[in-house]
Amino acid sequence: ERQSPRRITWAPSSARPGVASEGAMVKLLFSGIYTQPSGGGDPILLTSSSQLSSFGYFQRGSMLEMCTFFGRQFSKAAQPGTRSSIKHEDYLCHVYSTPHGVNALTFSDHEYPARVAFGYLAQLVDDFIKAAGAQIPAQPSEGCMNAAFKARHDEMLLKFQDPAEADQLTSIMRQLDETKLILHETIETAIERGQKLDTLIEKSNELSGSSKMFYRTARKQNQCCKLM
């Protein structure tokens, strides 16, 4: 069944924080901080946060798996010291490969300013390094930094739904201007060379059967998850 448009309004201050209702669109759906790959291994997702309330209840688990999966692929292919944006239909994934040994990324709608998205990622990494950088284990495991940083991560993702937060990021923006920016018009140009998207998804052990079915169904309807 086709879902209604993914539009929400953040609840007023008198309501519980983070609760959404009908109205304006969520701008940032997911963000994550991954280790930079070494020795050909896959990046490890250290911490993540998501705002998927604009999707149907039964779609959210699949959407979270897809964001995590594609985030890992984009992080693996990211060139050190660069910023890159991967475009698909009405959404983009912005990836910031930092000098701190981690990659940060976020999925946003096409209206969210890329400059602000990268400012958010730079601020996210800066806060992460200050709060939890020294605690990253030599052999990190998936989600191992959520205990130390997830509360702050959730707070920032919610806060930056408003692009006006860019007003507080002038110095960080100047630092970002020194990094190379790459724009990928399709997902397949952003993942490892020679990889086909459908094949990558079918071979993935990370995605559940329901997520793979969700992807195939959406692709058949020419929606392609609207994000993936």
# chains A, B, ... in the order shown; residues from 1 in each chain; ligands from 1

$ residues_around --residues "Pro43 of chain A" --least-positions-apart "3" --cutoff "8 Å" --atoms "only C-alpha atoms" --output "list in words"
Tyr34, Thr35, Gln36, Pro37, Arg72, Ser75 and Lys76 of chain A

$ write_last_selection --atoms "all heavy atoms" --output "PDB file, in the first residue's frame"
ATOM      1  N   TYR A  34      31.163   6.368  11.446  1.00  0.00           N
ATOM      2  CA  TYR A  34      31.788   5.082  11.141  1.00  0.00           C
ATOM      3  C   TYR A  34      33.304   5.184  11.287  1.00  0.00           C
ATOM      4  O   TYR A  34      33.883   6.255  11.081  1.00  0.00           O
ATOM      5  CB  TYR A  34      31.492   4.656   9.699  1.00  0.00           C
ATOM      6  CG  TYR A  34      30.059   4.296   9.397  1.00  0.00           C
ATOM      7  CD1 TYR A  34      29.101   5.283   9.185  1.00  0.00           C
ATOM      8  CD2 TYR A  34      29.661   2.964   9.296  1.00  0.00           C
ATOM      9  CE1 TYR A  34      27.785   4.957   8.894  1.00  0.00           C
ATOM     10  CE2 TYR A  34      28.344   2.627   8.993  1.00  0.00           C
ATOM     11  CZ  TYR A  34      27.417   3.628   8.796  1.00  0.00           C
ATOM     12  OH  TYR A  34      26.117   3.295   8.495  1.00  0.00           O
ATOM     13  N   THR A  35      33.930   4.064  11.586  1.00  0.00           N
ATOM     14  CA  THR A  35      35.388   4.025  11.514  1.00  0.00           C
ATOM     15  C   THR A  35      35.795   4.107  10.052  1.00  0.00           C
ATOM     16  O   THR A  35      35.058   3.694   9.159  1.00  0.00           O
ATOM     17  CB  THR A  35      35.935   2.707  12.093  1.00  0.00           C
ATOM     18  OG1 THR A  35      35.373   1.600  11.353  1.00  0.00           O
ATOM     19  CG2 THR A  35      35.593   2.557  13.560  1.00  0.00           C
ATOM     20  N   GLN A  36      36.964   4.686   9.791  1.00  0.00           N
ATOM     21  CA  GLN A  36      37.496   4.657   8.439  1.00  0.00           C
ATOM     22  C   GLN A  36      38.096   3.271   8.190  1.00  0.00           C
ATOM     23  O   GLN A  36      38.814   2.743   9.040  1.00  0.00           O
ATOM     24  CB  GLN A  36      38.541   5.752   8.243  1.00  0.00           C
ATOM     25  CG  GLN A  36      37.924   7.148   8.250  1.00  0.00           C
ATOM     26  CD  GLN A  36      38.957   8.260   8.158  1.00  0.00           C
ATOM     27  OE1 GLN A  36      40.151   8.032   8.313  1.00  0.00           O
ATOM     28  NE2 GLN A  36      38.495   9.484   7.931  1.00  0.00           N
ATOM     29  N   PRO A  37      37.770   2.661   7.042  1.00  0.00           N
ATOM     30  CA  PRO A  37      38.217   1.283   6.793  1.00  0.00           C
ATOM     31  C   PRO A  37      39.727   1.182   6.686  1.00  0.00           C
ATOM     32  O   PRO A  37      40.400   2.090   6.208  1.00  0.00           O
ATOM     33  CB  PRO A  37      37.546   0.934   5.460  1.00  0.00           C
ATOM     34  CG  PRO A  37      37.301   2.252   4.799  1.00  0.00           C
ATOM     35  CD  PRO A  37      37.031   3.224   5.907  1.00  0.00           C
ATOM     36  N   ARG A  72      27.372   2.395   5.396  1.00  0.00           N
ATOM     37  CA  ARG A  72      28.619   1.624   5.446  1.00  0.00           C
ATOM     38  C   ARG A  72      29.296   1.578   4.068  1.00  0.00           C
ATOM     39  O   ARG A  72      30.513   1.709   3.958  1.00  0.00           O
ATOM     40  CB  ARG A  72      28.332   0.206   5.946  1.00  0.00           C
ATOM     41  CG  ARG A  72      29.566  -0.504   6.494  1.00  0.00           C
ATOM     42  CD  ARG A  72      29.256  -1.920   6.953  1.00  0.00           C
ATOM     43  NE  ARG A  72      28.079  -2.027   7.793  1.00  0.00           N
ATOM     44  CZ  ARG A  72      28.070  -1.784   9.092  1.00  0.00           C
ATOM     45  NH1 ARG A  72      29.173  -1.397   9.698  1.00  0.00           N
ATOM     46  NH2 ARG A  72      26.959  -1.917   9.799  1.00  0.00           N
ATOM     47  N   SER A  75      30.719   5.037   3.297  1.00  0.00           N
ATOM     48  CA  SER A  75      31.874   5.297   4.151  1.00  0.00           C
ATOM     49  C   SER A  75      33.086   4.524   3.648  1.00  0.00           C
ATOM     50  O   SER A  75      34.214   5.034   3.645  1.00  0.00           O
ATOM     51  CB  SER A  75      31.556   4.915   5.594  1.00  0.00           C
ATOM     52  OG  SER A  75      32.646   5.196   6.447  1.00  0.00           O
ATOM     53  N   LYS A  76      32.853   3.312   3.214  1.00  0.00           N
ATOM     54  CA  LYS A  76      33.949   2.478   2.715  1.00  0.00           C
ATOM     55  C   LYS A  76      34.578   3.072   1.471  1.00  0.00           C
ATOM     56  O   LYS A  76      35.793   2.989   1.256  1.00  0.00           O
ATOM     57  CB  LYS A  76      33.424   1.066   2.413  1.00  0.00           C
ATOM     58  CG  LYS A  76      34.499   0.061   2.035  1.00  0.00           C
ATOM     59  CD  LYS A  76      33.912  -1.332   1.889  1.00  0.00           C
ATOM     60  CE  LYS A  76      34.986  -2.367   1.587  1.00  0.00           C
ATOM     61  NZ  LYS A  76      34.411  -3.729   1.498  1.00  0.00           N
TER      62      LYS A  76
END

$ residues_around --residues "Gly71 of chain A" --least-positions-apart "4" --cutoff "8 Å" --atoms "only C-alpha atoms" --output "list in words"
Gly32, Cys67, Ser75 and Leu105 of chain A

$ select_by_dssp --residues "segment 90-146 of chain A" --states "strand (DSSP E)" --output "VMD selection string"
chain A and resid 91 to 97 102 to 109

$ residues_around --residues "Val95 of chain A" --least-positions-apart "6" --cutoff "8 Å" --atoms "only C-alpha atoms" --output "MDAnalysis selection string"
chainID A and resid 74:75 78 83:85 103:106 118

$ write_last_selection --atoms "N, CA and C atoms" --output "short mmCIF file (atom, residue, chain, number, x, y, z; two decimals), in the first residue's frame"
data_model
loop_
_atom_site.label_atom_id
_atom_site.label_comp_id
_atom_site.auth_asym_id
_atom_site.auth_seq_id
_atom_site.Cartn_x
_atom_site.Cartn_y
_atom_site.Cartn_z
N PHE A 74 28.96 3.77 1.57
CA PHE A 74 29.47 5.09 1.22
C PHE A 74 30.71 5.44 2.04
N SER A 75 30.72 5.04 3.30
CA SER A 75 31.87 5.30 4.15
C SER A 75 33.09 4.52 3.65
N ALA A 78 34.54 6.32 0.64
CA ALA A 78 34.91 7.73 0.80
C ALA A 78 36.42 7.93 0.72
N ARG A 83 34.68 15.73 1.28
CA ARG A 83 33.25 15.71 1.51
C ARG A 83 32.60 15.21 0.23
N SER A 84 31.58 14.39 0.34
CA SER A 84 30.90 13.91 -0.86
C SER A 84 29.40 13.86 -0.62
N SER A 85 28.64 14.06 -1.69
CA SER A 85 27.19 13.98 -1.64
C SER A 85 26.72 12.99 -2.69
N ASN A 103 34.49 8.59 9.72
CA ASN A 103 33.66 9.20 8.69
C ASN A 103 32.28 9.45 9.27
N ALA A 104 31.74 10.63 9.01
CA ALA A 104 30.39 10.96 9.47
C ALA A 104 29.50 11.18 8.26
N LEU A 105 28.25 10.76 8.36
CA LEU A 105 27.34 10.93 7.23
C LEU A 105 25.93 11.16 7.72
N THR A 106 25.13 11.76 6.85
CA THR A 106 23.72 11.97 7.15
C THR A 106 22.90 11.86 5.88
N PHE A 118 26.82 19.53 6.01
CA PHE A 118 28.23 19.30 6.31
C PHE A 118 28.65 20.02 7.58
#

$ residues_around --residues "segment 107-116 of chain A" --least-positions-apart "2" --cutoff "6 Å" --atoms "only C-alpha atoms" --output "ChimeraX atom specification"
/A:27-30,90-93,118-119,166

$ select_by_dssp --residues "segment 14-110 of chain A" --states "alpha helix (DSSP H)" --output "compact mmCIF listing (two decimals) with all heavy atoms, in the first residue's frame"
# COMPACT_ATOMS: atom_id res chain seq x y z
N ARG A 60 9.84 1.33 9.33
CA ARG A 60 10.96 2.00 10.00
C ARG A 60 12.16 1.09 10.21
O ARG A 60 13.30 1.50 10.04
CB ARG A 60 10.51 2.59 11.34
CG ARG A 60 9.51 3.72 11.16
CD ARG A 60 8.94 4.18 12.49
NE ARG A 60 7.74 5.00 12.26
CZ ARG A 60 6.92 5.40 13.23
NH1 ARG A 60 7.17 5.05 14.49
NH2 ARG A 60 5.87 6.10 12.94
N GLY A 61 11.91 -0.17 10.58
CA GLY A 61 13.01 -1.10 10.78
C GLY A 61 13.79 -1.31 9.49
O GLY A 61 15.03 -1.31 9.49
N SER A 62 13.08 -1.46 8.37
CA SER A 62 13.75 -1.64 7.08
C SER A 62 14.50 -0.39 6.67
O SER A 62 15.61 -0.46 6.15
CB SER A 62 12.72 -2.02 6.01
OG SER A 62 12.19 -3.31 6.25
N MET A 63 13.89 0.78 6.91
CA MET A 63 14.56 2.02 6.55
C MET A 63 15.84 2.20 7.36
O MET A 63 16.86 2.64 6.83
CB MET A 63 13.63 3.21 6.77
CG MET A 63 12.51 3.35 5.76
SD MET A 63 13.11 3.44 4.05
CE MET A 63 14.17 4.86 4.13
N LEU A 64 15.80 1.84 8.63
CA LEU A 64 16.99 1.96 9.47
C LEU A 64 18.08 1.02 8.98
O LEU A 64 19.26 1.40 8.90
CB LEU A 64 16.64 1.65 10.93
CG LEU A 64 17.78 1.79 11.94
CD1 LEU A 64 18.35 3.21 11.92
CD2 LEU A 64 17.30 1.42 13.34
N GLU A 65 17.72 -0.21 8.62
CA GLU A 65 18.69 -1.15 8.08
C GLU A 65 19.29 -0.63 6.78
O GLU A 65 20.50 -0.75 6.55
CB GLU A 65 18.04 -2.51 7.84
CG GLU A 65 17.82 -3.33 9.09
CD GLU A 65 17.43 -4.76 8.79
OE1 GLU A 65 17.43 -5.14 7.59
OE2 GLU A 65 17.13 -5.51 9.73
N MET A 66 18.45 -0.04 5.91
CA MET A 66 18.94 0.47 4.63
C MET A 66 19.89 1.65 4.84
O MET A 66 20.93 1.74 4.18
CB MET A 66 17.77 0.89 3.74
CG MET A 66 16.81 -0.23 3.39
SD MET A 66 17.54 -1.50 2.35
CE MET A 66 17.37 -0.77 0.74
N CYS A 67 19.55 2.55 5.75
CA CYS A 67 20.43 3.68 6.04
C CYS A 67 21.78 3.20 6.57
O CYS A 67 22.83 3.68 6.15
CB CYS A 67 19.78 4.62 7.06
SG CYS A 67 18.41 5.60 6.44
N THR A 68 21.74 2.24 7.49
CA THR A 68 22.98 1.70 8.06
C THR A 68 23.81 1.01 6.99
O THR A 68 25.03 1.19 6.92
CB THR A 68 22.65 0.70 9.19
OG1 THR A 68 21.87 1.36 10.19
CG2 THR A 68 23.92 0.17 9.83
N PHE A 69 23.15 0.22 6.15
CA PHE A 69 23.83 -0.53 5.09
C PHE A 69 24.48 0.41 4.07
O PHE A 69 25.67 0.30 3.77
CB PHE A 69 22.84 -1.45 4.40
CG PHE A 69 23.36 -2.10 3.14
CD1 PHE A 69 24.27 -3.16 3.21
CD2 PHE A 69 22.96 -1.66 1.89
CE1 PHE A 69 24.76 -3.75 2.06
CE2 PHE A 69 23.44 -2.25 0.74
CZ PHE A 69 24.35 -3.31 0.82
N PHE A 70 23.70 1.35 3.54
CA PHE A 70 24.25 2.26 2.54
C PHE A 70 25.28 3.20 3.15
O PHE A 70 26.27 3.56 2.51
CB PHE A 70 23.14 3.04 1.84
CG PHE A 70 22.49 2.29 0.73
CD1 PHE A 70 21.27 1.68 0.91
CD2 PHE A 70 23.13 2.14 -0.50
CE1 PHE A 70 20.67 0.96 -0.10
CE2 PHE A 70 22.54 1.41 -1.51
CZ PHE A 70 21.31 0.82 -1.32
N GLY A 71 25.06 3.58 4.40
CA GLY A 71 26.06 4.40 5.08
C GLY A 71 27.40 3.69 5.14
O GLY A 71 28.45 4.30 4.94
N ARG A 72 27.37 2.39 5.40
CA ARG A 72 28.62 1.62 5.45
C ARG A 72 29.30 1.58 4.07
O ARG A 72 30.51 1.71 3.96
CB ARG A 72 28.33 0.21 5.95
CG ARG A 72 29.57 -0.50 6.49
CD ARG A 72 29.26 -1.92 6.95
NE ARG A 72 28.08 -2.03 7.79
CZ ARG A 72 28.07 -1.78 9.09
NH1 ARG A 72 29.17 -1.40 9.70
NH2 ARG A 72 26.96 -1.92 9.80
N GLN A 73 28.49 1.39 3.02
CA GLN A 73 29.06 1.33 1.67
C GLN A 73 29.67 2.68 1.27
O GLN A 73 30.77 2.74 0.72
CB GLN A 73 27.97 0.94 0.66
CG GLN A 73 27.29 -0.39 0.93
CD GLN A 73 28.26 -1.54 1.07
OE1 GLN A 73 29.19 -1.68 0.28
NE2 GLN A 73 28.06 -2.36 2.10
N PHE A 74 28.96 3.77 1.57
CA PHE A 74 29.47 5.09 1.22
C PHE A 74 30.71 5.44 2.04
O PHE A 74 31.64 6.08 1.54
CB PHE A 74 28.39 6.15 1.42
CG PHE A 74 27.16 5.96 0.57
CD1 PHE A 74 25.93 6.43 0.99
CD2 PHE A 74 27.24 5.32 -0.66
CE1 PHE A 74 24.80 6.26 0.21
CE2 PHE A 74 26.12 5.14 -1.45
CZ PHE A 74 24.89 5.62 -1.02
N SER A 75 30.72 5.04 3.30
CA SER A 75 31.87 5.30 4.15
C SER A 75 33.09 4.52 3.65
O SER A 75 34.21 5.03 3.65
CB SER A 75 31.56 4.91 5.59
OG SER A 75 32.65 5.20 6.45
N LYS A 76 32.85 3.31 3.21
CA LYS A 76 33.95 2.48 2.72
C LYS A 76 34.58 3.07 1.47
O LYS A 76 35.79 2.99 1.26
CB LYS A 76 33.42 1.07 2.41
CG LYS A 76 34.50 0.06 2.04
CD LYS A 76 33.91 -1.33 1.89
CE LYS A 76 34.99 -2.37 1.59
NZ LYS A 76 34.41 -3.73 1.50
N ALA A 77 33.75 3.70 0.63
CA ALA A 77 34.25 4.25 -0.63
C ALA A 77 34.74 5.69 -0.51
O ALA A 77 35.32 6.22 -1.45
CB ALA A 77 33.14 4.18 -1.69

$ closest_residue --among "A:Phe128, A:Ile86, A:Gln161, A:Glu206" --to "Asp42 of chain A" --atoms "only C-alpha atoms"
A:Glu206

$ atom_distance --atom1 "atom CA of Glu89 of chain A" --atom2 "atom CA of Leu158 of chain A"
23.5 Å
